[in-house]
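Worksheet: one structure, shown below.
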Amino acid sequence: MISLAQLQVAASLLIALANTSWAQVPNFADNFEGTDLNPEWTVINPAAHDGFDGTGHYLIRGPQSSTAGLRRDVGGQGDFTAEVSLELGPFFLNGSGGTQSDLKVRFTGPGASLEVVLNSFKNLRASSSELGGNLEDPISVGGIEDGDDFNLQFNYQEASNTMTVSYSVNDEAWSQLTSVVGITPTALKTSEIVLFKFGNNEATLPRIKLDRYEMSNLDYAPITSGLELISGTDDSIITWDSKPSKIYQVQWSTDLINWLPAANHLPATPPTNTEYLKGVSSGPKGFFRIGEQDATTWPHENYCTMLTQEIQGKKHAFLAGNVSYYIGGQYNVWNLQEHETLGLTHPFHHDLRGRGIGIVTEATTGTGHDFQGWEFYRDSKVAYGTVLVNGQSFPNPVPKKMFWRPDRVICEYEVGGVEIREDKFIALNDVACTLITASEPIEIQFAGQSYVSSNRSVQTTSTVRHDTANNMVHVTEGGTALARPLEGTDTEGTLMYDGMSTVVSTSETFTDYSAFKDGDGRQQYSFKVACGPEGVALGWAMHDTFSDA
(Lines give C-alpha, C1' and ligand atoms only; values in the text may rest on other atoms or scores of the structure.)
Protein backbone atom coordinates (compact mmCIF):
# COMPACT_ATOMS: atom_id res chain seq x y z
CA MET A 1 0.00 0.00 0.00
CA ILE A 2 1.05 3.61 -0.47
CA SER A 3 2.23 5.36 2.69
CA LEU A 4 1.90 9.10 3.24
CA ALA A 5 5.67 9.45 3.20
CA GLN A 6 5.79 7.96 -0.27
CA LEU A 7 3.06 10.02 -1.86
CA GLN A 8 3.81 12.55 -4.52
CA VAL A 9 1.37 14.23 -6.83
CA ALA A 10 2.23 14.71 -10.45
CA ALA A 11 0.06 15.96 -13.26
CA SER A 12 1.02 16.35 -16.89
CA LEU A 13 4.74 15.71 -16.30
CA LEU A 14 4.23 12.01 -15.58
CA ILE A 15 1.03 11.66 -17.56
CA ALA A 16 2.45 11.44 -21.03
CA LEU A 17 0.38 12.60 -23.93
CA ALA A 18 1.48 11.21 -27.23
CA ASN A 19 -0.26 11.39 -30.56
CA THR A 20 0.04 7.94 -32.00
CA SER A 21 -1.43 6.55 -35.16
CA TRP A 22 -3.29 3.40 -34.16
CA ALA A 23 -3.74 0.66 -36.77
CA GLN A 24 -6.56 -1.86 -36.64
CA VAL A 25 -6.60 -5.47 -35.57
CA PRO A 26 -10.17 -6.74 -35.10
CA ASN A 27 -11.18 -7.17 -31.47
CA PHE A 28 -11.90 -10.76 -30.46
CA ALA A 29 -12.79 -12.29 -27.10
CA ASP A 30 -13.70 -15.86 -26.09
CA ASN A 31 -14.53 -16.93 -22.54
CA PHE A 32 -15.14 -20.53 -23.68
CA GLU A 33 -18.68 -20.69 -22.34
CA GLY A 34 -21.56 -22.59 -23.86
CA THR A 35 -21.43 -25.72 -25.98
CA ASP A 36 -20.15 -24.59 -29.39
CA LEU A 37 -16.66 -23.41 -30.24
CA ASN A 38 -16.40 -19.94 -31.74
CA PRO A 39 -16.29 -20.41 -35.53
CA GLU A 40 -13.17 -18.24 -35.79
CA TRP A 41 -11.17 -21.12 -34.26
CA THR A 42 -9.67 -23.90 -36.36
CA VAL A 43 -9.27 -27.15 -34.42
CA ILE A 44 -5.84 -28.80 -34.57
CA ASN A 45 -6.03 -32.58 -34.07
CA PRO A 46 -9.76 -32.84 -33.15
CA ALA A 47 -9.43 -36.32 -31.60
CA ALA A 48 -7.49 -34.80 -28.70
CA HIS A 49 -10.19 -32.28 -27.82
CA ASP A 50 -12.46 -33.08 -24.84
CA GLY A 51 -14.42 -29.87 -25.45
CA PHE A 52 -16.41 -27.76 -23.00
CA ASP A 53 -16.67 -28.85 -19.37
CA GLY A 54 -19.73 -26.71 -18.51
CA THR A 55 -17.79 -24.42 -16.15
CA GLY A 56 -16.37 -21.96 -18.67
CA HIS A 57 -13.39 -24.05 -19.84
CA TYR A 58 -12.43 -25.77 -23.07
CA LEU A 59 -10.32 -28.94 -22.57
CA ILE A 60 -7.52 -30.17 -24.82
CA ARG A 61 -5.23 -33.18 -24.31
CA GLY A 62 -1.70 -33.41 -25.68
CA PRO A 63 -1.21 -36.51 -27.83
CA GLN A 64 2.21 -38.15 -27.99
CA SER A 65 4.59 -36.81 -30.65
CA SER A 66 2.02 -34.50 -32.23
CA THR A 67 0.31 -31.20 -31.47
CA ALA A 68 -3.28 -30.49 -30.51
CA GLY A 69 -4.88 -27.11 -29.99
CA LEU A 70 -6.61 -24.13 -31.59
CA ARG A 71 -5.67 -21.68 -34.33
CA ARG A 72 -7.27 -18.46 -35.54
CA ASP A 73 -6.40 -15.73 -38.02
CA VAL A 74 -5.38 -12.42 -36.48
CA GLY A 75 -7.43 -10.77 -39.20
CA GLY A 76 -5.62 -7.46 -39.49
CA GLN A 77 -2.40 -5.57 -38.96
CA GLY A 78 -1.24 -3.00 -36.44
CA ASP A 79 -0.85 -2.52 -32.71
CA PHE A 80 -2.63 -5.03 -30.49
CA THR A 81 -2.77 -6.65 -27.08
CA ALA A 82 -3.47 -10.39 -26.78
CA GLU A 83 -4.09 -12.25 -23.52
CA VAL A 84 -4.46 -15.98 -22.90
CA SER A 85 -5.59 -17.49 -19.59
CA LEU A 86 -5.62 -21.24 -19.00
CA GLU A 87 -5.23 -23.94 -16.39
CA LEU A 88 -2.69 -26.75 -16.68
CA GLY A 89 -3.31 -30.15 -15.19
CA PRO A 90 -2.11 -32.73 -15.37
CA PHE A 91 1.04 -31.14 -16.74
CA PHE A 92 3.85 -30.83 -14.21
CA LEU A 93 3.00 -33.81 -11.94
CA ASN A 94 5.70 -34.97 -9.52
CA GLY A 95 9.14 -36.11 -10.48
CA SER A 96 11.52 -35.10 -13.22
CA GLY A 97 9.81 -33.47 -16.16
CA GLY A 98 6.22 -34.28 -15.21
CA THR A 99 4.28 -35.19 -18.34
CA GLN A 100 7.30 -34.32 -20.52
CA SER A 101 5.27 -31.87 -22.56
CA ASP A 102 5.28 -28.35 -23.99
CA LEU A 103 2.59 -25.70 -23.92
CA LYS A 104 3.13 -23.44 -26.94
CA VAL A 105 1.42 -20.11 -27.52
CA ARG A 106 2.62 -18.70 -30.80
CA PHE A 107 2.07 -16.41 -33.75
CA THR A 108 2.95 -17.53 -37.25
CA GLY A 109 3.12 -16.14 -40.77
CA PRO A 110 4.81 -16.87 -44.10
CA GLY A 111 8.29 -18.08 -43.14
CA ALA A 112 8.21 -16.39 -39.73
CA SER A 113 7.03 -17.11 -36.19
CA LEU A 114 7.07 -15.93 -32.58
CA GLU A 115 6.68 -18.61 -29.92
CA VAL A 116 6.39 -18.77 -26.13
CA VAL A 117 6.92 -22.22 -24.60
CA LEU A 118 6.28 -23.44 -21.06
CA ASN A 119 7.47 -27.00 -20.56
CA SER A 120 6.65 -29.50 -17.83
CA PHE A 121 10.08 -28.88 -16.27
CA LYS A 122 8.65 -25.41 -15.42
CA ASN A 123 10.97 -23.60 -17.84
CA LEU A 124 9.59 -20.66 -19.81
CA ARG A 125 11.16 -19.17 -22.94
CA ALA A 126 10.32 -16.99 -25.94
CA SER A 127 11.81 -17.39 -29.41
CA SER A 128 11.56 -15.75 -32.82
CA SER A 129 12.53 -17.15 -36.19
CA GLU A 130 13.12 -13.56 -37.40
CA LEU A 131 15.61 -12.91 -34.59
CA GLY A 132 17.40 -16.26 -34.77
CA GLY A 133 16.07 -18.23 -31.80
CA ASN A 134 15.61 -17.63 -28.07
CA LEU A 135 15.01 -13.98 -27.21
CA GLU A 136 16.25 -14.35 -23.62
CA ASP A 137 17.69 -17.14 -21.52
CA PRO A 138 14.89 -19.48 -20.37
CA ILE A 139 13.57 -18.76 -16.88
CA SER A 140 12.17 -21.10 -14.23
CA VAL A 141 8.58 -20.56 -13.08
CA GLY A 142 9.27 -22.35 -9.84
CA GLY A 143 6.04 -21.80 -7.95
CA ILE A 144 3.59 -23.03 -10.57
CA GLU A 145 1.73 -26.29 -9.98
CA ASP A 146 -1.00 -28.33 -11.61
CA GLY A 147 -4.31 -26.55 -11.21
CA ASP A 148 -2.84 -23.04 -11.21
CA ASP A 149 -3.96 -20.41 -13.70
CA PHE A 150 -1.24 -19.46 -16.19
CA ASN A 151 -1.61 -16.20 -18.11
CA LEU A 152 0.30 -14.74 -21.06
CA GLN A 153 0.10 -11.23 -22.47
CA PHE A 154 1.46 -10.04 -25.83
CA ASN A 155 1.74 -6.31 -26.58
CA TYR A 156 2.75 -5.33 -30.08
CA GLN A 157 3.79 -1.87 -31.37
CA GLU A 158 3.96 -1.95 -35.15
CA ALA A 159 5.72 1.42 -35.58
CA SER A 160 8.83 0.10 -33.79
CA ASN A 161 8.24 -3.63 -34.48
CA THR A 162 8.35 -4.17 -30.72
CA MET A 163 6.79 -7.17 -29.02
CA THR A 164 6.60 -7.33 -25.22
CA VAL A 165 5.62 -10.64 -23.61
CA SER A 166 4.55 -10.89 -19.97
CA TYR A 167 3.27 -13.75 -17.83
CA SER A 168 1.55 -14.29 -14.50
CA VAL A 169 0.45 -17.18 -12.31
CA ASN A 170 -3.01 -17.02 -10.72
CA ASP A 171 -3.73 -13.43 -9.64
CA GLU A 172 -0.12 -12.25 -9.43
CA ALA A 173 1.00 -9.06 -11.17
CA TRP A 174 2.39 -9.36 -14.70
CA SER A 175 6.09 -10.16 -14.96
CA GLN A 176 7.91 -9.28 -18.16
CA LEU A 177 9.43 -12.23 -19.99
CA THR A 178 10.93 -10.28 -22.90
CA SER A 179 10.65 -7.09 -24.92
CA VAL A 180 12.35 -7.08 -28.31
CA VAL A 181 12.55 -5.02 -31.48
CA GLY A 182 12.44 -6.78 -34.85
CA ILE A 183 9.13 -8.67 -34.84
CA THR A 184 7.46 -7.76 -38.12
CA PRO A 185 3.76 -8.08 -39.03
CA THR A 186 4.75 -10.98 -41.31
CA ALA A 187 5.10 -13.23 -38.23
CA LEU A 188 1.74 -12.20 -36.76
CA LYS A 189 -0.83 -13.53 -39.21
CA THR A 190 -2.23 -16.43 -37.16
CA SER A 191 -2.39 -17.23 -33.45
CA GLU A 192 -2.12 -20.73 -31.97
CA ILE A 193 -2.44 -22.41 -28.57
CA VAL A 194 -1.13 -25.98 -28.69
CA LEU A 195 0.07 -28.86 -26.53
CA PHE A 196 2.92 -31.16 -27.59
CA LYS A 197 4.05 -34.26 -25.70
CA PHE A 198 7.64 -35.19 -26.38
CA GLY A 199 7.92 -37.97 -23.76
CA ASN A 200 7.08 -41.64 -24.33
CA ASN A 201 4.86 -42.39 -21.33
CA GLU A 202 1.26 -42.64 -22.60
CA ALA A 203 -0.01 -42.72 -18.99
CA THR A 204 0.94 -39.08 -18.44
CA LEU A 205 -0.85 -37.22 -21.20
CA PRO A 206 -0.97 -33.47 -20.52
CA ARG A 207 -4.16 -31.41 -20.52
CA ILE A 208 -5.06 -27.72 -20.58
CA LYS A 209 -8.29 -25.95 -19.69
CA LEU A 210 -8.66 -22.80 -21.77
CA ASP A 211 -10.41 -20.09 -19.76
CA ARG A 212 -10.05 -16.88 -21.79
CA TYR A 213 -8.53 -15.57 -25.00
CA GLU A 214 -8.73 -11.92 -25.94
CA MET A 215 -7.19 -9.80 -28.67
CA SER A 216 -7.86 -6.07 -28.85
CA ASN A 217 -6.56 -3.22 -30.91
CA LEU A 218 -5.30 -0.06 -29.29
CA ASP A 219 -7.80 2.29 -30.84
CA TYR A 220 -7.82 4.73 -27.94
CA ALA A 221 -7.55 8.50 -28.29
CA PRO A 222 -5.30 10.14 -25.68
CA ILE A 223 -6.87 12.33 -22.99
CA THR A 224 -5.18 15.69 -22.68
CA SER A 225 -6.57 17.21 -19.47
CA GLY A 226 -7.84 16.49 -15.98
CA LEU A 227 -5.21 13.88 -15.10
CA GLU A 228 -3.74 13.34 -11.65
CA LEU A 229 -1.33 10.69 -10.39
CA ILE A 230 -0.48 9.63 -6.86
CA SER A 231 2.54 7.34 -6.95
CA GLY A 232 4.25 5.27 -4.29
CA THR A 233 7.15 2.82 -4.29
CA ASP A 234 5.20 0.05 -6.03
CA ASP A 235 1.64 1.29 -6.40
CA SER A 236 -0.11 4.17 -8.11
CA ILE A 237 -3.54 5.77 -8.09
CA ILE A 238 -4.51 7.60 -11.25
CA THR A 239 -7.58 9.82 -11.71
CA TRP A 240 -8.92 11.42 -14.88
CA ASP A 241 -11.97 13.25 -16.19
CA SER A 242 -14.40 10.80 -17.74
CA LYS A 243 -17.49 11.07 -19.90
CA PRO A 244 -20.61 8.94 -20.39
CA SER A 245 -20.56 6.26 -23.11
CA LYS A 246 -16.76 5.97 -23.05
CA ILE A 247 -14.36 3.12 -22.30
CA TYR A 248 -10.84 3.78 -21.01
CA GLN A 249 -7.43 2.16 -20.97
CA VAL A 250 -4.53 3.06 -18.69
CA GLN A 251 -1.23 2.72 -20.56
CA TRP A 252 2.30 2.59 -19.12
CA SER A 253 5.75 3.25 -20.61
CA THR A 254 9.34 3.64 -19.48
CA ASP A 255 10.55 5.43 -22.62
CA LEU A 256 7.51 7.27 -24.10
CA ILE A 257 7.82 5.05 -27.19
CA ASN A 258 6.61 1.59 -26.26
CA TRP A 259 3.32 1.54 -24.36
CA LEU A 260 1.75 -1.35 -22.45
CA PRO A 261 -1.81 -1.53 -21.11
CA ALA A 262 -1.84 -1.37 -17.31
CA ALA A 263 -5.65 -1.63 -17.10
CA ASN A 264 -8.11 -2.48 -19.87
CA HIS A 265 -11.81 -1.98 -20.69
CA LEU A 266 -12.59 0.47 -17.89
CA PRO A 267 -16.17 1.74 -18.08
CA ALA A 268 -16.75 5.45 -17.51
CA THR A 269 -17.82 6.56 -14.03
CA PRO A 270 -18.45 10.30 -14.69
CA PRO A 271 -17.39 12.88 -13.75
CA THR A 272 -14.08 11.13 -12.95
CA ASN A 273 -12.53 7.67 -13.08
CA THR A 274 -10.04 6.44 -10.48
CA GLU A 275 -7.91 3.33 -10.98
CA TYR A 276 -5.64 1.66 -8.41
CA LEU A 277 -2.59 0.08 -10.08
CA LYS A 278 -0.58 -2.41 -8.09
CA GLY A 279 3.00 -3.32 -8.94
CA VAL A 280 3.23 -1.10 -12.02
CA SER A 281 5.45 1.77 -10.87
CA SER A 282 8.27 -0.24 -9.29
CA GLY A 283 10.92 0.88 -11.80
CA PRO A 284 13.17 3.96 -11.56
CA LYS A 285 10.94 5.98 -13.89
CA GLY A 286 7.74 5.61 -15.80
CA PHE A 287 4.96 7.39 -17.60
CA PHE A 288 1.20 6.93 -17.73
CA ARG A 289 -1.33 7.98 -20.29
CA ILE A 290 -5.06 7.44 -20.61
CA GLY A 291 -6.75 6.31 -23.81
CA GLU A 292 -10.43 6.98 -24.46
CA GLN A 293 -12.68 4.99 -26.77
CA ASP A 294 -16.25 5.64 -27.88
CA ALA A 295 -18.33 2.83 -26.44
CA THR A 296 -21.29 3.54 -28.69
CA THR A 297 -19.54 2.92 -32.01
CA TRP A 298 -21.38 0.28 -34.01
CA PRO A 299 -20.68 -2.48 -34.72
CA HIS A 300 -19.11 -3.07 -31.33
CA GLU A 301 -17.09 -6.15 -30.43
CA ASN A 302 -18.24 -6.36 -26.80
CA TYR A 303 -21.68 -4.95 -26.14
CA CYS A 304 -21.65 -6.02 -22.49
CA THR A 305 -18.54 -3.89 -21.93
CA MET A 306 -20.08 -1.04 -23.90
CA LEU A 307 -23.18 -1.02 -21.67
CA THR A 308 -21.33 -1.34 -18.36
CA GLN A 309 -22.38 1.11 -15.65
CA GLU A 310 -20.92 1.72 -12.20
CA ILE A 311 -24.11 1.77 -10.09
CA GLN A 312 -23.09 1.53 -6.42
CA GLY A 313 -25.26 3.94 -4.44
CA LYS A 314 -27.17 4.91 -7.61
CA LYS A 315 -29.46 1.98 -8.41
CA HIS A 316 -29.88 -1.69 -7.62
CA ALA A 317 -28.58 -4.47 -9.82
CA PHE A 318 -30.93 -6.45 -12.06
CA LEU A 319 -30.33 -9.64 -14.02
CA ALA A 320 -32.80 -11.68 -16.04
CA GLY A 321 -32.73 -15.34 -16.95
CA ASN A 322 -35.65 -17.38 -18.28
CA VAL A 323 -37.89 -17.61 -15.20
CA SER A 324 -35.14 -16.73 -12.72
CA TYR A 325 -34.33 -13.11 -11.93
CA TYR A 326 -31.98 -11.29 -9.60
CA ILE A 327 -32.22 -7.94 -7.85
CA GLY A 328 -29.23 -6.88 -5.74
CA GLY A 329 -30.20 -4.58 -2.90
CA GLN A 330 -33.20 -2.25 -3.16
CA TYR A 331 -33.12 1.20 -4.71
CA ASN A 332 -36.67 2.24 -5.46
CA VAL A 333 -37.61 5.49 -7.22
CA TRP A 334 -34.36 7.20 -6.24
CA ASN A 335 -34.77 5.98 -2.67
CA LEU A 336 -31.94 3.77 -1.39
CA GLN A 337 -33.56 1.21 0.91
CA GLU A 338 -30.91 -1.52 0.98
CA HIS A 339 -27.34 -1.84 -0.31
CA GLU A 340 -26.30 -4.89 -2.27
CA THR A 341 -23.98 -7.16 -0.28
CA LEU A 342 -21.88 -10.30 -0.50
CA GLY A 343 -23.87 -13.31 -1.67
CA LEU A 344 -27.30 -13.45 -3.30
CA THR A 345 -29.81 -11.04 -1.80
CA HIS A 346 -32.97 -11.26 -3.92
CA PRO A 347 -32.99 -14.00 -6.54
CA PHE A 348 -36.57 -14.94 -7.37
CA HIS A 349 -38.65 -17.22 -9.58
CA HIS A 350 -41.39 -15.68 -11.73
CA ASP A 351 -43.11 -17.80 -14.39
CA LEU A 352 -46.37 -15.76 -14.51
CA ARG A 353 -48.42 -18.33 -12.59
CA GLY A 354 -49.48 -15.38 -10.45
CA ARG A 355 -49.06 -11.63 -10.59
CA GLY A 356 -48.43 -11.14 -6.88
CA ILE A 357 -47.94 -13.06 -3.64
CA GLY A 358 -51.20 -15.03 -3.43
CA ILE A 359 -53.09 -16.95 -6.11
CA VAL A 360 -56.90 -16.89 -6.12
CA THR A 361 -59.58 -17.33 -8.78
CA GLU A 362 -62.11 -14.56 -9.31
CA ALA A 363 -64.85 -14.51 -11.93
CA THR A 364 -63.97 -11.11 -13.33
CA THR A 365 -60.17 -11.14 -13.32
CA GLY A 366 -59.46 -14.88 -13.58
CA THR A 367 -56.77 -16.85 -11.78
CA GLY A 368 -53.62 -15.29 -10.43
CA HIS A 369 -54.51 -11.61 -10.79
CA ASP A 370 -53.42 -9.39 -7.91
CA PHE A 371 -53.49 -5.62 -7.52
CA GLN A 372 -50.95 -5.97 -4.69
CA GLY A 373 -47.66 -7.80 -4.22
CA TRP A 374 -46.11 -7.22 -7.62
CA GLU A 375 -42.72 -6.54 -6.03
CA PHE A 376 -42.80 -9.70 -3.90
CA TYR A 377 -39.02 -10.12 -4.30
CA ARG A 378 -38.54 -7.49 -1.58
CA ASP A 379 -39.37 -10.07 1.10
CA SER A 380 -36.96 -12.69 -0.25
CA LYS A 381 -33.68 -13.27 1.56
CA VAL A 382 -31.53 -16.06 0.17
CA ALA A 383 -27.84 -15.67 1.15
CA TYR A 384 -26.61 -12.53 2.90
CA GLY A 385 -22.88 -12.74 3.61
CA THR A 386 -20.90 -11.91 6.72
CA VAL A 387 -17.10 -11.86 6.34
CA LEU A 388 -15.10 -13.51 9.12
CA VAL A 389 -11.42 -12.53 9.09
CA ASN A 390 -8.73 -12.28 11.80
CA GLY A 391 -11.25 -12.89 14.57
CA GLN A 392 -13.53 -10.08 13.38
CA SER A 393 -17.01 -10.23 11.90
CA PHE A 394 -18.19 -7.87 9.14
CA PRO A 395 -21.92 -8.37 8.48
CA ASN A 396 -23.33 -7.57 5.05
CA PRO A 397 -20.43 -5.47 3.67
CA VAL A 398 -21.26 -2.75 1.16
CA PRO A 399 -19.42 -2.79 -2.19
CA LYS A 400 -16.84 -0.09 -2.93
CA LYS A 401 -17.87 -0.41 -6.56
CA MET A 402 -20.64 -2.28 -8.31
CA PHE A 403 -20.59 -2.66 -12.09
CA TRP A 404 -23.74 -3.71 -13.91
CA ARG A 405 -23.50 -5.37 -17.30
CA PRO A 406 -26.27 -7.19 -19.19
CA ASP A 407 -24.56 -10.52 -18.48
CA ARG A 408 -23.35 -10.05 -14.91
CA VAL A 409 -22.87 -7.81 -11.91
CA ILE A 410 -19.35 -7.29 -10.55
CA CYS A 411 -18.96 -6.15 -6.94
CA GLU A 412 -15.67 -5.06 -5.36
CA TYR A 413 -15.23 -4.93 -1.57
CA GLU A 414 -12.51 -4.09 0.91
CA VAL A 415 -13.27 -5.81 4.22
CA GLY A 416 -10.83 -5.94 7.13
CA GLY A 417 -7.90 -5.28 4.82
CA VAL A 418 -8.96 -8.06 2.41
CA GLU A 419 -9.90 -7.36 -1.21
CA ILE A 420 -12.98 -9.33 -2.29
CA ARG A 421 -14.54 -9.60 -5.74
CA GLU A 422 -17.86 -11.08 -6.79
CA ASP A 423 -19.16 -11.94 -10.25
CA LYS A 424 -22.92 -12.51 -10.12
CA PHE A 425 -24.84 -13.92 -13.08
CA ILE A 426 -27.69 -16.19 -14.10
CA ALA A 427 -26.40 -19.29 -15.84
CA LEU A 428 -27.92 -20.85 -18.96
CA ASN A 429 -29.71 -23.42 -16.76
CA ASP A 430 -31.43 -20.56 -14.86
CA VAL A 431 -29.29 -20.93 -11.73
CA ALA A 432 -28.38 -17.65 -10.02
CA CYS A 433 -24.66 -17.79 -9.22
CA THR A 434 -21.95 -15.71 -7.62
CA LEU A 435 -18.21 -16.44 -7.93
CA ILE A 436 -16.32 -14.97 -4.99
CA THR A 437 -12.56 -14.54 -4.64
CA ALA A 438 -10.58 -12.98 -1.79
CA SER A 439 -6.99 -11.74 -1.67
CA GLU A 440 -6.45 -13.66 1.60
CA PRO A 441 -8.14 -16.69 3.17
CA ILE A 442 -11.42 -15.76 4.87
CA GLU A 443 -14.62 -17.41 5.98
CA ILE A 444 -18.05 -16.26 4.86
CA GLN A 445 -21.21 -16.94 6.82
CA PHE A 446 -24.33 -16.88 4.65
CA ALA A 447 -27.79 -16.43 6.15
CA GLY A 448 -31.18 -16.73 4.45
CA GLN A 449 -34.79 -17.69 4.97
CA SER A 450 -37.88 -19.21 3.43
CA TYR A 451 -40.35 -16.86 1.79
CA VAL A 452 -42.78 -15.00 4.04
CA SER A 453 -44.37 -11.66 3.13
CA SER A 454 -44.07 -9.17 5.96
CA ASN A 455 -47.62 -7.88 5.48
CA ARG A 456 -49.46 -10.32 3.16
CA SER A 457 -48.63 -13.83 4.40
CA VAL A 458 -51.36 -15.59 6.44
CA GLN A 459 -50.30 -19.21 7.00
CA THR A 460 -46.65 -20.35 6.87
CA THR A 461 -45.91 -24.05 6.27
CA SER A 462 -42.43 -24.03 4.77
CA THR A 463 -39.73 -26.50 5.86
CA VAL A 464 -35.95 -26.51 5.62
CA ARG A 465 -33.36 -29.27 5.76
CA HIS A 466 -29.62 -29.74 5.33
CA ASP A 467 -28.90 -32.17 2.50
CA THR A 468 -25.42 -33.18 3.65
CA ALA A 469 -24.91 -35.71 0.84
CA ASN A 470 -25.31 -33.00 -1.79
CA ASN A 471 -23.94 -30.07 0.26
CA MET A 472 -27.09 -28.00 -0.06
CA VAL A 473 -29.85 -26.28 1.85
CA HIS A 474 -33.29 -27.42 0.69
CA VAL A 475 -36.30 -25.22 1.46
CA THR A 476 -39.80 -26.41 0.62
CA GLU A 477 -41.92 -23.29 0.40
CA GLY A 478 -45.54 -23.29 1.57
CA GLY A 479 -48.42 -21.30 2.97
CA THR A 480 -51.15 -18.86 2.07
CA ALA A 481 -51.20 -15.13 1.46
CA LEU A 482 -53.61 -12.31 0.77
CA ALA A 483 -54.30 -11.42 -2.84
CA ARG A 484 -56.35 -8.52 -4.18
CA PRO A 485 -58.09 -9.75 -7.35
CA LEU A 486 -60.41 -6.73 -7.29
CA GLU A 487 -59.60 -3.25 -6.01
CA GLY A 488 -60.60 -3.02 -2.34
CA THR A 489 -61.07 -6.77 -1.91
CA ASP A 490 -58.44 -8.92 -0.15
CA THR A 491 -58.84 -12.70 -0.40
CA GLU A 492 -56.69 -15.43 1.15
CA GLY A 493 -55.17 -17.67 -1.48
CA THR A 494 -52.32 -20.10 -2.06
CA LEU A 495 -48.81 -18.66 -1.75
CA MET A 496 -47.39 -18.29 -5.27
CA TYR A 497 -44.37 -20.42 -4.18
CA ASP A 498 -46.43 -23.09 -2.41
CA GLY A 499 -44.87 -26.54 -2.83
CA MET A 500 -41.83 -25.27 -4.73
CA SER A 501 -38.27 -26.28 -3.81
CA THR A 502 -35.50 -23.76 -3.24
CA VAL A 503 -31.92 -25.04 -3.27
CA VAL A 504 -28.83 -23.15 -2.08
CA SER A 505 -25.39 -24.74 -2.48
CA THR A 506 -21.66 -23.92 -2.63
CA SER A 507 -18.77 -25.34 -4.65
CA GLU A 508 -16.84 -26.07 -1.44
CA THR A 509 -18.35 -28.03 1.45
CA PHE A 510 -20.02 -25.66 3.87
CA THR A 511 -19.98 -26.09 7.66
CA ASP A 512 -21.75 -24.90 10.84
CA TYR A 513 -25.23 -25.28 9.39
CA SER A 514 -28.03 -24.16 11.65
CA ALA A 515 -31.75 -23.49 11.20
CA PHE A 516 -34.79 -22.39 13.22
CA LYS A 517 -38.34 -21.13 12.72
CA ASP A 518 -38.85 -17.53 13.78
CA GLY A 519 -41.96 -15.93 15.24
CA ASP A 520 -43.32 -14.98 11.81
CA GLY A 521 -43.02 -18.53 10.47
CA ARG A 522 -39.86 -18.03 8.44
CA GLN A 523 -37.41 -20.92 8.29
CA GLN A 524 -34.10 -19.17 9.01
CA TYR A 525 -30.87 -20.92 8.00
CA SER A 526 -27.14 -20.15 8.00
CA PHE A 527 -23.85 -21.83 7.16
CA LYS A 528 -20.15 -21.03 6.70
CA VAL A 529 -17.79 -21.63 3.78
CA ALA A 530 -14.08 -20.93 3.25
CA CYS A 531 -12.93 -18.56 0.53
CA GLY A 532 -9.54 -17.37 -0.72
CA PRO A 533 -7.69 -16.53 -3.93
CA GLU A 534 -8.88 -19.78 -5.50
CA GLY A 535 -12.49 -18.67 -5.00
CA VAL A 536 -15.80 -20.25 -4.09
CA ALA A 537 -19.12 -20.41 -5.95
CA LEU A 538 -22.57 -19.95 -4.43
CA GLY A 539 -25.69 -20.96 -6.35
CA TRP A 540 -29.48 -20.71 -5.99
CA ALA A 541 -32.18 -22.52 -7.95
CA MET A 542 -35.95 -22.95 -7.66
CA HIS A 543 -38.39 -25.37 -9.26
CA ASP A 544 -41.69 -27.17 -8.68
CA THR A 545 -39.78 -30.41 -8.05
CA PHE A 546 -36.70 -30.83 -5.89
CA SER A 547 -34.90 -33.04 -8.42
CA ASP A 548 -35.20 -30.36 -11.12
CA ALA A 549 -34.09 -27.57 -8.80
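Residues in the C-alpha coordinates are named by chain (A, B, ... in the order shown) and by number from 1 within that chain; ligands are numbered from 1 in the order shown.
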
Long-range neighbours of Pro39 of chain A as a ChimeraX atom specification, 12 Å cut-off, only C-alpha atoms, 6 positions minimum in chain: /A:28,30,32,70-73

Using only N, CA and C atoms, please write the residues we just selected to a file, as a CSV table (one decimal), in the first residue's frame.
chain,number,residue,atom,x,y,z
A,28,PHE,N,-11.4,-9.4,-30.6
A,28,PHE,CA,-11.9,-10.8,-30.5
A,28,PHE,C,-11.8,-11.2,-29.0
A,30,ASP,N,-13.0,-14.6,-26.3
A,30,ASP,CA,-13.7,-15.9,-26.1
A,30,ASP,C,-13.5,-16.3,-24.7
A,32,PHE,N,-15.0,-19.1,-23.6
A,32,PHE,CA,-15.1,-20.5,-23.7
A,32,PHE,C,-16.3,-21.0,-22.8
A,70,LEU,N,-5.7,-25.0,-30.8
A,70,LEU,CA,-6.6,-24.1,-31.6
A,70,LEU,C,-5.8,-23.1,-32.4
A,71,ARG,N,-6.3,-22.7,-33.5
A,71,ARG,CA,-5.7,-21.7,-34.3
A,71,ARG,C,-6.7,-20.7,-34.9
A,72,ARG,N,-6.4,-19.4,-34.9
A,72,ARG,CA,-7.3,-18.5,-35.5
A,72,ARG,C,-6.4,-17.4,-36.3
A,73,ASP,N,-7.0,-16.8,-37.3
A,73,ASP,CA,-6.4,-15.7,-38.0
A,73,ASP,C,-6.5,-14.5,-37.2

Give me, as an MDAnalysis selection string, the residues of segment 6-208 of chain A that a backbone DSSP run labels strand (DSSP E). chainID A and resid 9:10 28:30 42:44 49:52 58:61 67:73 80:88 101:109 112:119 123:128 133:134 139:140 149:157 162:169 175:181 190:197 207:208

Would you work out the distance separating atom CA of Thr463 of chain A from atom CA of Leu319 of chain A, expressed in Å to one decimal?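 Separating atom CA of Thr463 of chain A from atom CA of Leu319 of chain A is a distance of 27.7 Å.
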
If we count only C-alpha atoms, what is near Gly488 of chain A at a cut-off of 12 Å, once residues fewer than 6 positions away on the same chain are taken out, given as a PyMOL selection string? chain A and resi 370-372

Option closest in space to Leu152 of chain A, from A:Gly328, A:Glu214, A:Asn119, A:Arg456 [counting only C-alpha atoms]: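 Nearest candidate to Leu152 of chain A out of A:Gly328, A:Glu214, A:Asn119, A:Arg456: A:Glu214.
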
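Take atom CA of Thr434 of chain A and atom CA of His349 of chain A: the distance between them is 16.9 Å.
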
Run DSSP on the backbone and grab whatever in segment 265-462 of chain A lands in helix (DSSP H, G or I); send it over as a VMD selection string. chain A and resid 303 to 306 376 to 379
